[in-house]
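Enquirer: Dropping in input_7.json, which is JSON, C-alpha atoms and all ligand atoms:
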[["chain", "number", "residue", "atom", "x", "y", "z"],
["W", 1, "MET", "CA", -28.98, -51.68, -78.54],
["W", 2, "LEU", "CA", -26.58, -52.58, -75.75],
["W", 3, "HIS", "CA", -27.55, -51.05, -72.41],
["W", 4, "ILE", "CA", -24.35, -50.50, -70.52],
["W", 5, "GLY", "CA", -22.96, -48.33, -67.76],
["W", 6, "CYS", "CA", -20.69, -48.45, -64.77],
["W", 7, "HIS", "CA", -20.54, -47.77, -61.08],
["W", 8, "LEU", "CA", -20.53, -43.99, -60.38],
["W", 9, "SER", "CA", -20.01, -41.81, -57.34],
["W", 10, "SER", "CA", -23.28, -40.44, -55.97],
["W", 11, "SER", "CA", -21.68, -37.50, -54.16],
["W", 12, "ASN", "CA", -23.08, -34.86, -56.54],
["W", 13, "GLY", "CA", -26.59, -36.24, -56.68],
["W", 14, "PHE", "CA", -28.83, -37.94, -59.22],
["W", 15, "GLU", "CA", -28.75, -35.60, -62.18],
["W", 16, "ALA", "CA", -24.95, -35.36, -62.03],
["W", 17, "MET", "CA", -24.72, -39.15, -62.29],
["W", 18, "GLY", "CA", -26.99, -39.11, -65.33],
["W", 19, "ARG", "CA", -24.82, -36.46, -67.01],
["W", 20, "THR", "CA", -21.62, -38.33, -66.16],
["W", 21, "ALA", "CA", -23.11, -41.51, -67.60],
["W", 22, "LEU", "CA", -23.94, -39.70, -70.84],
["W", 23, "SER", "CA", -20.42, -38.25, -71.04],
["W", 24, "ILE", "CA", -18.87, -41.74, -71.09],
["W", 25, "GLY", "CA", -21.33, -43.32, -73.53],
["W", 26, "ALA", "CA", -23.44, -45.06, -70.88],
["W", 27, "ASP", "CA", -27.20, -45.42, -70.77],
["W", 28, "THR", "CA", -27.48, -46.87, -67.28],
["W", 29, "PHE", "CA", -25.36, -46.73, -64.12],
["W", 30, "GLN", "CA", -25.02, -48.02, -60.60],
["W", 31, "PHE", "CA", -24.42, -46.08, -57.40],
["W", 32, "PHE", "CA", -24.17, -46.71, -53.67],
["W", 33, "THR", "CA", -27.21, -45.45, -51.77],
["W", 34, "ARG", "CA", -24.86, -44.23, -49.01],
["W", 35, "ASN", "CA", -21.29, -44.76, -47.88],
["W", 36, "PRO", "CA", -20.57, -48.37, -48.93],
["W", 37, "ARG", "CA", -19.58, -49.13, -45.35],
["W", 38, "GLY", "CA", -22.97, -47.95, -44.11],
["W", 39, "GLY", "CA", -23.89, -44.83, -42.18],
["W", 40, "ARG", "CA", -26.34, -42.04, -42.80],
["W", 41, "ALA", "CA", -27.53, -41.19, -46.29],
["W", 42, "LYS", "CA", -27.72, -37.64, -47.60],
["W", 43, "ASP", "CA", -31.19, -36.12, -47.91],
["W", 44, "ILE", "CA", -32.70, -36.46, -51.36],
["W", 45, "ASN", "CA", -33.53, -33.36, -53.35],
["W", 46, "PRO", "CA", -36.82, -34.25, -55.12],
["W", 47, "GLN", "CA", -36.09, -31.82, -57.97],
["W", 48, "ASP", "CA", -32.69, -33.46, -58.54],
["W", 49, "ALA", "CA", -34.36, -36.89, -58.68],
["W", 50, "GLN", "CA", -36.97, -35.54, -61.09],
["W", 51, "ASN", "CA", -34.25, -34.07, -63.33],
["W", 52, "LEU", "CA", -32.59, -37.47, -63.57],
["W", 53, "LEU", "CA", -35.88, -39.13, -64.54],
["W", 54, "ILE", "CA", -36.33, -36.57, -67.34],
["W", 55, "LEU", "CA", -32.77, -37.10, -68.55],
["W", 56, "MET", "CA", -33.20, -40.89, -68.47],
["W", 57, "LYS", "CA", -36.37, -40.66, -70.53],
["W", 58, "GLU", "CA", -34.85, -38.26, -73.05],
["W", 59, "HIS", "CA", -31.84, -40.46, -73.61],
["W", 60, "HIS", "CA", -33.64, -43.83, -73.44],
["W", 61, "PHE", "CA", -31.80, -45.11, -70.37],
["W", 62, "ALA", "CA", -32.26, -48.66, -69.15],
["W", 63, "PRO", "CA", -33.19, -49.00, -65.46],
["W", 64, "ILE", "CA", -30.46, -47.84, -63.08],
["W", 65, "ILE", "CA", -29.19, -49.86, -60.13],
["W", 66, "ALA", "CA", -28.86, -48.64, -56.57],
["W", 67, "HIS", "CA", -26.42, -50.82, -54.61],
["W", 68, "ALA", "CA", -26.92, -51.41, -50.88],
["W", 69, "PRO", "CA", -23.87, -50.88, -48.64],
["W", 70, "TYR", "CA", -21.85, -54.09, -48.78],
["W", 71, "THR", "CA", -21.58, -54.20, -44.99],
["W", 72, "LEU", "CA", -25.32, -54.73, -44.77],
["W", 73, "ASN", "CA", -25.81, -58.28, -43.47],
["W", 74, "PRO", "CA", -29.37, -59.43, -42.81],
["W", 75, "ALA", "CA", -28.01, -62.94, -42.07],
["W", 76, "SER", "CA", -25.76, -61.80, -39.21],
["W", 77, "ALA", "CA", -25.70, -63.69, -35.91],
["W", 78, "ASP", "CA", -25.80, -60.33, -34.13],
["W", 79, "ALA", "CA", -29.25, -58.81, -33.60],
["W", 80, "LYS", "CA", -27.89, -55.24, -33.75],
["W", 81, "THR", "CA", -26.28, -55.88, -37.13],
["W", 82, "ARG", "CA", -29.53, -57.40, -38.41],
["W", 83, "ASP", "CA", -31.49, -54.39, -37.12],
["W", 84, "PHE", "CA", -29.08, -52.06, -38.88],
["W", 85, "ALA", "CA", -29.57, -54.01, -42.12],
["W", 86, "LEU", "CA", -33.33, -53.81, -41.77],
["W", 87, "MET", "CA", -33.40, -50.06, -41.07],
["W", 88, "THR", "CA", -30.95, -49.27, -43.87],
["W", 89, "PHE", "CA", -32.84, -51.45, -46.30],
["W", 90, "ALA", "CA", -36.20, -49.87, -45.43],
["W", 91, "ASP", "CA", -34.79, -46.34, -45.59],
["W", 92, "ASP", "CA", -33.14, -47.01, -48.98],
["W", 93, "LEU", "CA", -36.37, -48.36, -50.44],
["W", 94, "LYS", "CA", -38.25, -45.29, -49.21],
["W", 95, "ARG", "CA", -35.67, -43.10, -50.92],
["W", 96, "MET", "CA", -35.86, -45.14, -54.14],
["W", 97, "GLU", "CA", -39.48, -44.03, -54.49],
["W", 98, "TYR", "CA", -38.07, -40.67, -55.66],
["W", 99, "VAL", "CA", -36.80, -42.53, -58.75],
["W", 100, "PRO", "CA", -39.56, -45.10, -59.29],
["W", 101, "GLY", "CA", -39.20, -48.02, -61.68],
["W", 102, "ASN", "CA", -35.56, -48.85, -61.01],
["W", 103, "LEU", "CA", -33.51, -51.57, -59.32],
["W", 104, "TYR", "CA", -32.03, -52.02, -55.84],
["W", 105, "ASN", "CA", -29.28, -54.63, -55.60],
["W", 106, "PHE", "CA", -27.93, -56.22, -52.41],
["W", 107, "HIS", "CA", -25.59, -58.99, -51.32],
["W", 108, "PRO", "CA", -27.86, -61.56, -49.63],
["W", 109, "GLY", "CA", -25.59, -61.90, -46.61],
["W", 110, "SER", "CA", -23.09, -64.06, -44.74],
["W", 111, "HIS", "CA", -24.28, -66.62, -42.22],
["W", 112, "VAL", "CA", -21.05, -66.29, -40.18],
["W", 113, "GLY", "CA", -21.04, -69.86, -38.91],
["W", 114, "GLN", "CA", -24.75, -70.22, -38.20],
["W", 115, "GLY", "CA", -25.19, -72.40, -41.27],
["W", 116, "ILE", "CA", -26.84, -71.81, -44.65],
["W", 117, "ASP", "CA", -30.36, -72.72, -43.49],
["W", 118, "LYS", "CA", -30.34, -70.26, -40.60],
["W", 119, "GLY", "CA", -28.82, -67.56, -42.81],
["W", 120, "ILE", "CA", -31.46, -68.03, -45.47],
["W", 121, "ASP", "CA", -34.24, -67.86, -42.84],
["W", 122, "LEU", "CA", -32.86, -64.55, -41.54],
["W", 123, "ILE", "CA", -32.63, -63.04, -45.04],
["W", 124, "ILE", "CA", -36.21, -64.10, -45.80],
["W", 125, "HIS", "CA", -37.34, -62.58, -42.51],
["W", 126, "THR", "CA", -35.74, -59.23, -43.35],
["W", 127, "LEU", "CA", -37.23, -59.14, -46.86],
["W", 128, "ASN", "CA", -40.66, -59.96, -45.47],
["W", 129, "GLU", "CA", -40.31, -57.05, -43.04],
["W", 130, "ILE", "CA", -39.22, -54.40, -45.52],
["W", 131, "LEU", "CA", -40.85, -55.17, -48.87],
["W", 132, "ASP", "CA", -43.97, -53.10, -49.46],
["W", 133, "SER", "CA", -46.45, -54.33, -52.04],
["W", 134, "LYS", "CA", -46.93, -50.71, -53.14],
["W", 135, "GLN", "CA", -43.24, -49.95, -53.82],
["W", 136, "HIS", "CA", -42.00, -49.18, -57.35],
["W", 137, "THR", "CA", -38.51, -50.69, -57.03],
["W", 138, "THR", "CA", -37.45, -54.21, -57.93],
["W", 139, "VAL", "CA", -35.06, -55.64, -55.33],
["W", 140, "LEU", "CA", -32.27, -57.81, -56.73],
["W", 141, "LEU", "CA", -30.33, -60.56, -54.99],
["W", 142, "GLU", "CA", -26.78, -60.55, -56.33],
["W", 143, "THR", "CA", -25.08, -63.84, -57.26],
["W", 144, "MET", "CA", -22.08, -64.13, -54.93],
["W", 145, "ALA", "CA", -18.57, -65.59, -55.20],
["W", 146, "GLY", "CA", -18.90, -67.75, -52.09],
["W", 147, "LYS", "CA", -16.12, -66.05, -50.15],
["W", 148, "GLY", "CA", -16.20, -66.92, -46.43],
["W", 149, "SER", "CA", -19.77, -67.79, -45.41],
["W", 150, "GLU", "CA", -21.49, -65.80, -48.17],
["W", 151, "ILE", "CA", -24.96, -66.99, -49.11],
["W", 152, "GLY", "CA", -26.06, -66.83, -52.74],
["W", 153, "SER", "CA", -23.09, -68.36, -54.56],
["W", 154, "LYS", "CA", -25.34, -71.25, -55.55],
["W", 155, "PHE", "CA", -28.42, -70.62, -57.68],
["W", 156, "ASP", "CA", -30.36, -72.96, -55.42],
["W", 157, "GLU", "CA", -29.70, -70.72, -52.38],
["W", 158, "LEU", "CA", -31.09, -67.70, -54.23],
["W", 159, "LYS", "CA", -34.11, -69.75, -55.23],
["W", 160, "ARG", "CA", -34.79, -70.71, -51.62],
["W", 161, "ILE", "CA", -34.77, -67.03, -50.63],
["W", 162, "LEU", "CA", -37.06, -66.09, -53.51],
["W", 163, "ASP", "CA", -39.47, -68.88, -52.58],
["W", 164, "GLY", "CA", -39.59, -67.86, -48.93],
["W", 165, "VAL", "CA", -40.55, -64.23, -49.48],
["W", 166, "LYS", "CA", -44.21, -63.25, -49.46],
["W", 167, "HIS", "CA", -44.04, -60.36, -51.96],
["W", 168, "ASN", "CA", -41.54, -62.11, -54.20],
["W", 169, "GLN", "CA", -43.07, -60.46, -57.26],
["W", 170, "LEU", "CA", -40.89, -57.51, -56.16],
["W", 171, "LEU", "CA", -37.69, -59.58, -56.34],
["W", 172, "GLY", "CA", -35.22, -60.49, -59.07],
["W", 173, "VAL", "CA", -31.59, -61.50, -59.51],
["W", 174, "CYS", "CA", -28.47, -59.62, -60.65],
["W", 175, "LEU", "CA", -25.82, -61.88, -62.18],
["W", 176, "ASP", "CA", -22.22, -60.78, -61.52],
["W", 177, "THR", "CA", -19.84, -62.39, -64.04],
["W", 178, "CYS", "CA", -16.81, -62.26, -61.71],
["W", 179, "HIS", "CA", -18.84, -63.74, -58.86],
["W", 180, "VAL", "CA", -20.44, -66.62, -60.82],
["W", 181, "ASN", "CA", -17.03, -67.55, -62.24],
["W", 182, "ASP", "CA", -15.51, -67.55, -58.78],
["W", 183, "ALA", "CA", -18.52, -69.53, -57.51],
["W", 184, "GLY", "CA", -17.76, -72.26, -60.07],
["W", 185, "TYR", "CA", -20.27, -71.53, -62.87],
["W", 186, "SER", "CA", -18.43, -71.42, -66.20],
["W", 187, "LEU", "CA", -19.03, -68.48, -68.54],
["W", 188, "VAL", "CA", -17.11, -70.27, -71.27],
["W", 189, "LYS", "CA", -19.92, -72.83, -71.14],
["W", 190, "LEU", "CA", -22.45, -70.01, -70.87],
["W", 191, "ASP", "CA", -25.34, -72.03, -72.37],
["W", 192, "ASP", "CA", -24.96, -74.68, -69.66],
["W", 193, "THR", "CA", -24.72, -72.11, -66.88],
["W", 194, "LEU", "CA", -27.79, -70.23, -68.08],
["W", 195, "ALA", "CA", -29.71, -73.49, -68.53],
["W", 196, "GLN", "CA", -28.92, -74.26, -64.90],
["W", 197, "PHE", "CA", -30.02, -70.76, -63.88],
["W", 198, "ASP", "CA", -33.23, -71.19, -65.81],
["W", 199, "LYS", "CA", -33.95, -74.58, -64.27],
["W", 200, "GLN", "CA", -33.20, -73.52, -60.69],
["W", 201, "ILE", "CA", -34.38, -69.89, -60.64],
["W", 202, "GLY", "CA", -35.97, -68.98, -63.98],
["W", 203, "LEU", "CA", -34.33, -66.65, -66.51],
["W", 204, "LYS", "CA", -37.31, -64.30, -66.37],
["W", 205, "LEU", "CA", -36.13, -63.27, -62.89],
["W", 206, "LEU", "CA", -32.75, -62.13, -64.19],
["W", 207, "LYS", "CA", -32.97, -58.32, -64.31],
["W", 208, "ALA", "CA", -29.38, -57.04, -64.57],
["W", 209, "VAL", "CA", -25.78, -58.16, -65.12],
["W", 210, "HIS", "CA", -22.59, -56.92, -63.44],
["W", 211, "ILE", "CA", -20.03, -57.29, -66.22],
["W", 212, "ASN", "CA", -16.57, -57.78, -64.69],
["W", 213, "ASP", "CA", -13.48, -59.78, -65.46],
["W", 214, "SER", "CA", -12.07, -61.88, -62.59],
["W", 215, "LEU", "CA", -8.52, -62.06, -61.27],
["W", 216, "ASN", "CA", -9.13, -65.66, -60.25],
["W", 217, "PRO", "CA", -9.91, -68.98, -61.97],
["W", 218, "LEU", "CA", -13.24, -70.81, -62.07],
["W", 219, "GLY", "CA", -14.39, -71.85, -58.60],
["W", 220, "ALA", "CA", -11.78, -69.83, -56.67],
["W", 221, "HIS", "CA", -14.39, -68.34, -54.25],
["W", 222, "LYS", "CA", -12.36, -65.12, -54.14],
["W", 223, "ASP", "CA", -14.26, -62.07, -55.60],
["W", 224, "ARG", "CA", -11.49, -59.89, -57.04],
["W", 225, "HIS", "CA", -12.70, -57.88, -60.04],
["W", 226, "ALA", "CA", -10.40, -57.18, -63.01],
["W", 227, "PRO", "CA", -10.75, -54.75, -65.93],
["W", 228, "ILE", "CA", -12.34, -56.26, -69.06],
["W", 229, "GLY", "CA", -9.74, -58.41, -70.81],
["W", 230, "GLU", "CA", -7.25, -58.31, -67.93],
["W", 231, "GLY", "CA", -8.58, -61.29, -66.02],
["W", 232, "THR", "CA", -9.18, -65.00, -66.44],
["W", 233, "LEU", "CA", -12.46, -64.50, -68.34],
["W", 234, "GLY", "CA", -11.14, -62.37, -71.19],
["W", 235, "VAL", "CA", -12.75, -60.27, -73.88],
["W", 236, "GLN", "CA", -14.16, -63.11, -75.99],
["W", 237, "THR", "CA", -16.00, -64.76, -73.09],
["W", 238, "LEU", "CA", -17.44, -61.45, -71.93],
["W", 239, "ALA", "CA", -18.48, -60.59, -75.50],
["W", 240, "GLY", "CA", -20.37, -63.88, -75.41],
["W", 241, "VAL", "CA", -22.18, -62.71, -72.28],
["W", 242, "ILE", "CA", -23.40, -59.36, -73.68],
["W", 243, "ASN", "CA", -24.51, -61.01, -76.92],
["W", 244, "HIS", "CA", -26.26, -64.04, -75.44],
["W", 245, "PRO", "CA", -29.92, -64.13, -76.56],
["W", 246, "ALA", "CA", -31.11, -64.58, -72.95],
["W", 247, "LEU", "CA", -29.06, -61.63, -71.67],
["W", 248, "ARG", "CA", -28.55, -59.14, -74.50],
["W", 249, "ASN", "CA", -31.45, -56.84, -73.58],
["W", 250, "LEU", "CA", -30.62, -56.54, -69.88],
["W", 251, "PRO", "CA", -28.78, -53.57, -68.35],
["W", 252, "PHE", "CA", -25.05, -54.36, -68.01],
["W", 253, "CYS", "CA", -23.02, -52.56, -65.39],
["W", 254, "LEU", "CA", -19.23, -52.47, -65.09],
["W", 255, "GLU", "CA", -17.69, -52.74, -61.61],
["W", 256, "THR", "CA", -14.12, -52.99, -62.80],
["W", 257, "PRO", "CA", -11.24, -51.18, -61.07],
["W", 258, "ASN", "CA", -11.18, -48.05, -63.27],
["W", 259, "ASP", "CA", -11.40, -44.29, -63.42],
["W", 260, "LEU", "CA", -13.98, -42.61, -65.69],
["W", 261, "ASP", "CA", -11.68, -42.69, -68.74],
["W", 262, "GLY", "CA", -11.14, -46.39, -68.21],
["W", 263, "TYR", "CA", -14.88, -46.95, -67.97],
["W", 264, "ALA", "CA", -15.44, -44.93, -71.16],
["W", 265, "ARG", "CA", -12.91, -47.17, -72.95],
["W", 266, "GLU", "CA", -14.54, -50.37, -71.68],
["W", 267, "ILE", "CA", -18.00, -49.16, -72.67],
["W", 268, "LYS", "CA", -16.70, -48.34, -76.14],
["W", 269, "LEU", "CA", -15.00, -51.74, -76.40],
["W", 270, "LEU", "CA", -18.13, -53.66, -75.37],
["W", 271, "ARG", "CA", -20.34, -51.60, -77.67],
["W", 272, "SER", "CA", -17.99, -52.46, -80.54],
["W", 273, "LEU", "CA", -18.35, -56.17, -79.73],
["W", 274, "TYR", "CA", -22.14, -56.09, -79.55],
["W", 275, "LYS", "CA", -23.92, -57.57, -82.57],
["W", 276, "GLU", "CA", -26.87, -55.30, -83.39],
["H", 1, "FE", "FE", -22.22, -56.12, -55.38],
["H", 2, "FE", "FE", -21.31, -57.06, -58.42],
["H", 3, "ZN", "ZN", -17.61, -58.39, -56.23]]
The structure in this file should be written as structure tokens.

Expert:
Amino acid sequence: MLHIGCHLSSSNGFEAMGRTALSIGADTFQFFTRNPRGGRAKDINPQDAQNLLILMKEHHFAPIIAHAPYTLNPASADAKTRDFALMTFADDLKRMEYVPGNLYNFHPGSHVGQGIDKGIDLIIHTLNEILDSKQHTTVLLETMAGKGSEIGSKFDELKRILDGVKHNQLLGVCLDTCHVNDAGYSLVKLDDTLAQFDKQIGLKLLKAVHINDSLNPLGAHKDRHAPIGEGTLGVQTLAGVINHPALRNLPFCLETPNDLDGYAREIKLLRSLYKE
């Protein structure tokens, strides 16, 4: 059974996202915990969260993914920006306890000229501050495209973060197909790329996949998502990703430029390409 969903708006709450997911043939989804540019999050209605958990159980959902605001930068050179990242992160994880057992994905950060080593140290510091051994959420580092001074476009950088964190049993990785392509890891040679991932990080730490086509060629370091089949990866390569023995049971989440109808069509297409 292919577990697949897409990014949804969280403006009507948890249960509404679950119902929207069902209406487009999804059995997982992703949402921003707050405005993607940051700012205050809406209060959580515990009953609404509970209703989603019931719906997810009834319909055999895979874990869902909360996405941190993409402006959150724990590797910033500016102490205020780092503080904001830390507070947002901690607040989001507290809120995730209303929907225990799910995933929280974030972009590791950009070192903005301080260098990779310093950036990695700052990310580790933040994770050590906010992870709570009693939490019920797995925190995922997303593989990045390597645009600007982004950290995490090389598997080895993610590994260094994972190794530096005390409660790293709470951590995992989310592989974004557009990002790894743009970072220079081939999805045409998927076996080689996953062997490298396994050697440097360990495939057991891979907990979710963002399934996107890319507007740019291998190694472009750009990060521009395309609808499935309308980018340089193409339908056949992405079908190889959802069917790969090491990946096929993970939750897949579309982050393609689409409206709900477009997402419903992509979910249908990928389900039709999945070999049961
Ligand atoms: Fe992301
Ligand atoms: Fe992504
Ligand atoms: Zn992206």

Enquirer: Could you list, as an MDAnalysis selection string, all protein and nucleic acid residues with an atom at most 7 Å from ligand FE 2 (chain H), counting all atoms listed in the file?

Expert: chainID W and resid 142 176 210 255

Enquirer: In Å to one decimal, how far is CA of Cys178 in chain W from atom ZN of ligand ZN 3 (chain H)?

Expert: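 Value for the atom ZN of ligand ZN 3 (chain H)-CA of Cys178 in chain W distance: 6.8 Å.
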
Enquirer: May I have a table of the residues of chain W lying at most 12 Å from ligand FE 1 (chain H), giving each one's closest pair of atoms and their distance in Å to one decimal, counting all atoms listed in the file, ordered by chain and ascending residue number, as CSV?

Expert:
residue,atom,partner,partner_atom,distance
W:His7,CA,H:FE1,FE,10.2
W:Gln30,CA,H:FE1,FE,10.0
W:Phe31,CA,H:FE1,FE,10.5
W:Phe32,CA,H:FE1,FE,9.8
W:Pro36,CA,H:FE1,FE,10.2
W:Ile65,CA,H:FE1,FE,10.5
W:Ala66,CA,H:FE1,FE,10.1
W:His67,CA,H:FE1,FE,6.8
W:Ala68,CA,H:FE1,FE,8.0
W:Pro69,CA,H:FE1,FE,8.7
W:Tyr70,CA,H:FE1,FE,6.9
W:Thr71,CA,H:FE1,FE,10.6
W:Leu72,CA,H:FE1,FE,11.1
W:Tyr104,CA,H:FE1,FE,10.6
W:Asn105,CA,H:FE1,FE,7.2
W:Phe106,CA,H:FE1,FE,6.4
W:His107,CA,H:FE1,FE,6.0
W:Pro108,CA,H:FE1,FE,9.7
W:Gly109,CA,H:FE1,FE,11.0
W:Leu140,CA,H:FE1,FE,10.3
W:Leu141,CA,H:FE1,FE,9.3
W:Glu142,CA,H:FE1,FE,6.4
W:Thr143,CA,H:FE1,FE,8.4
W:Met144,CA,H:FE1,FE,8.0
W:Ala145,CA,H:FE1,FE,10.2
W:Gly152,CA,H:FE1,FE,11.7
W:Val173,CA,H:FE1,FE,11.6
W:Cys174,CA,H:FE1,FE,8.9
W:Leu175,CA,H:FE1,FE,9.6
W:Asp176,CA,H:FE1,FE,7.7
W:Thr177,CA,H:FE1,FE,11.0
W:Cys178,CA,H:FE1,FE,10.3
W:His179,CA,H:FE1,FE,9.0
W:Val180,CA,H:FE1,FE,12.0
W:Ala208,CA,H:FE1,FE,11.7
W:Val209,CA,H:FE1,FE,10.6
W:His210,CA,H:FE1,FE,8.1
W:Ile211,CA,H:FE1,FE,11.1
W:Asn212,CA,H:FE1,FE,11.0
W:Asp223,CA,H:FE1,FE,9.9
W:Arg224,CA,H:FE1,FE,11.5
W:His225,CA,H:FE1,FE,10.7
W:Cys253,CA,H:FE1,FE,10.7
W:Leu254,CA,H:FE1,FE,10.8
W:Glu255,CA,H:FE1,FE,8.4
W:Thr256,CA,H:FE1,FE,11.4

Enquirer: Keeping only C-alpha atoms, take the residues you just selected and write them out as a PDB file, keeping the file's coordinate frame.

Expert:
ATOM      1  CA  HIS W   7     -20.540 -47.770 -61.080  1.00  0.00           C
ATOM      2  CA  GLN W  30     -25.020 -48.020 -60.600  1.00  0.00           C
ATOM      3  CA  PHE W  31     -24.420 -46.080 -57.400  1.00  0.00           C
ATOM      4  CA  PHE W  32     -24.170 -46.710 -53.670  1.00  0.00           C
ATOM      5  CA  PRO W  36     -20.570 -48.370 -48.930  1.00  0.00           C
ATOM      6  CA  ILE W  65     -29.190 -49.860 -60.130  1.00  0.00           C
ATOM      7  CA  ALA W  66     -28.860 -48.640 -56.570  1.00  0.00           C
ATOM      8  CA  HIS W  67     -26.420 -50.820 -54.610  1.00  0.00           C
ATOM      9  CA  ALA W  68     -26.920 -51.410 -50.880  1.00  0.00           C
ATOM     10  CA  PRO W  69     -23.870 -50.880 -48.640  1.00  0.00           C
ATOM     11  CA  TYR W  70     -21.850 -54.090 -48.780  1.00  0.00           C
ATOM     12  CA  THR W  71     -21.580 -54.200 -44.990  1.00  0.00           C
ATOM     13  CA  LEU W  72     -25.320 -54.730 -44.770  1.00  0.00           C
ATOM     14  CA  TYR W 104     -32.030 -52.020 -55.840  1.00  0.00           C
ATOM     15  CA  ASN W 105     -29.280 -54.630 -55.600  1.00  0.00           C
ATOM     16  CA  PHE W 106     -27.930 -56.220 -52.410  1.00  0.00           C
ATOM     17  CA  HIS W 107     -25.590 -58.990 -51.320  1.00  0.00           C
ATOM     18  CA  PRO W 108     -27.860 -61.560 -49.630  1.00  0.00           C
ATOM     19  CA  GLY W 109     -25.590 -61.900 -46.610  1.00  0.00           C
ATOM     20  CA  LEU W 140     -32.270 -57.810 -56.730  1.00  0.00           C
ATOM     21  CA  LEU W 141     -30.330 -60.560 -54.990  1.00  0.00           C
ATOM     22  CA  GLU W 142     -26.780 -60.550 -56.330  1.00  0.00           C
ATOM     23  CA  THR W 143     -25.080 -63.840 -57.260  1.00  0.00           C
ATOM     24  CA  MET W 144     -22.080 -64.130 -54.930  1.00  0.00           C
ATOM     25  CA  ALA W 145     -18.570 -65.590 -55.200  1.00  0.00           C
ATOM     26  CA  GLY W 152     -26.060 -66.830 -52.740  1.00  0.00           C
ATOM     27  CA  VAL W 173     -31.590 -61.500 -59.510  1.00  0.00           C
ATOM     28  CA  CYS W 174     -28.470 -59.620 -60.650  1.00  0.00           C
ATOM     29  CA  LEU W 175     -25.820 -61.880 -62.180  1.00  0.00           C
ATOM     30  CA  ASP W 176     -22.220 -60.780 -61.520  1.00  0.00           C
ATOM     31  CA  THR W 177     -19.840 -62.390 -64.040  1.00  0.00           C
ATOM     32  CA  CYS W 178     -16.810 -62.260 -61.710  1.00  0.00           C
ATOM     33  CA  HIS W 179     -18.840 -63.740 -58.860  1.00  0.00           C
ATOM     34  CA  VAL W 180     -20.440 -66.620 -60.820  1.00  0.00           C
ATOM     35  CA  ALA W 208     -29.380 -57.040 -64.570  1.00  0.00           C
ATOM     36  CA  VAL W 209     -25.780 -58.160 -65.120  1.00  0.00           C
ATOM     37  CA  HIS W 210     -22.590 -56.920 -63.440  1.00  0.00           C
ATOM     38  CA  ILE W 211     -20.030 -57.290 -66.220  1.00  0.00           C
ATOM     39  CA  ASN W 212     -16.570 -57.780 -64.690  1.00  0.00           C
ATOM     40  CA  ASP W 223     -14.260 -62.070 -55.600  1.00  0.00           C
ATOM     41  CA  ARG W 224     -11.490 -59.890 -57.040  1.00  0.00           C
ATOM     42  CA  HIS W 225     -12.700 -57.880 -60.040  1.00  0.00           C
ATOM     43  CA  CYS W 253     -23.020 -52.560 -65.390  1.00  0.00           C
ATOM     44  CA  LEU W 254     -19.230 -52.470 -65.090  1.00  0.00           C
ATOM     45  CA  GLU W 255     -17.690 -52.740 -61.610  1.00  0.00           C
ATOM     46  CA  THR W 256     -14.120 -52.990 -62.800  1.00  0.00           C
TER      47      THR W 256
END

Enquirer: May I have the residues within 12 Å of Glu266 in chain W as a PyMOL selection string, using all atoms listed in the file and disregarding those fewer than 5 positions away in the same chain?

Expert: chain W and resi 4-6+24-26+211-213+226-230+235+238-239+252-261+271-273

Enquirer: Using only C-alpha atoms, pick whichever of W:Gly146, W:Gly18, W:Gly38, W:Gly119 has the shortest atom-to-atom distance to Ile161 in chain W.

Expert: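 Closest to Ile161 in chain W of all the choices is W:Gly119.
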
Enquirer: State, in Å with one decimal place, the distance from CA of His221 in chain W to CA of Leu187 in chain W.

Expert: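 These two atoms are separated by 15.0 Å.
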
Enquirer: Please measure the separation of CA of Pro46 in chain W and CA of Arg82 in chain W, giving the value in Å to one decimal.

Expert: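 Going from CA of Pro46 in chain W over to CA of Arg82 in chain W covers 29.5 Å.
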
Enquirer: Determine the nearest neighbour of ligand ZN 3 (chain H) from the options W:Val165, W:Leu233, W:Leu205, W:Ala183, counting only C-alpha atoms and all ligand atoms.

Expert: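 Going through W:Val165, W:Leu233, W:Leu205, W:Ala183 one by one, the smallest distance to ligand ZN 3 (chain H) is for W:Ala183.
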
Enquirer: Using only C-alpha atoms and all ligand atoms, which of W:Ala21, W:Ile120, W:Leu215, W:Leu247 sits nearest ligand ZN 3 (chain H)?

Expert: W:Leu215

Enquirer: Which polymer residues have any atom within 8 Å of an atom of Leu190 in chain W, counting all atoms listed in the file, with same-chain residues fewer than 4 positions away left out, as a PDB file with C-alpha atoms, keeping the file's coordinate frame?

Expert:
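As written to disk, selection24.pdb reads:
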ATOM      1  CA  SER W 186     -18.430 -71.420 -66.200  1.00  0.00           C
ATOM      2  CA  LEU W 194     -27.790 -70.230 -68.080  1.00  0.00           C
ATOM      3  CA  GLY W 240     -20.370 -63.880 -75.410  1.00  0.00           C
ATOM      4  CA  VAL W 241     -22.180 -62.710 -72.280  1.00  0.00           C
TER       5      VAL W 241
END

Enquirer: For ligand ZN 3 (chain H), which residue out of W:Lys80, W:Lys222, W:Arg95, W:Val188 is the nearest one, using only C-alpha atoms and all ligand atoms?

Expert: W:Lys222

Enquirer: Calculated over all atoms listed in the file, which of the candidates W:Glu15, W:Glu150, W:Asp192, W:Glu157 has the smallest distance to Ala49 in chain W?

Expert: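 Nearest to Ala49 in chain W: W:Glu15.
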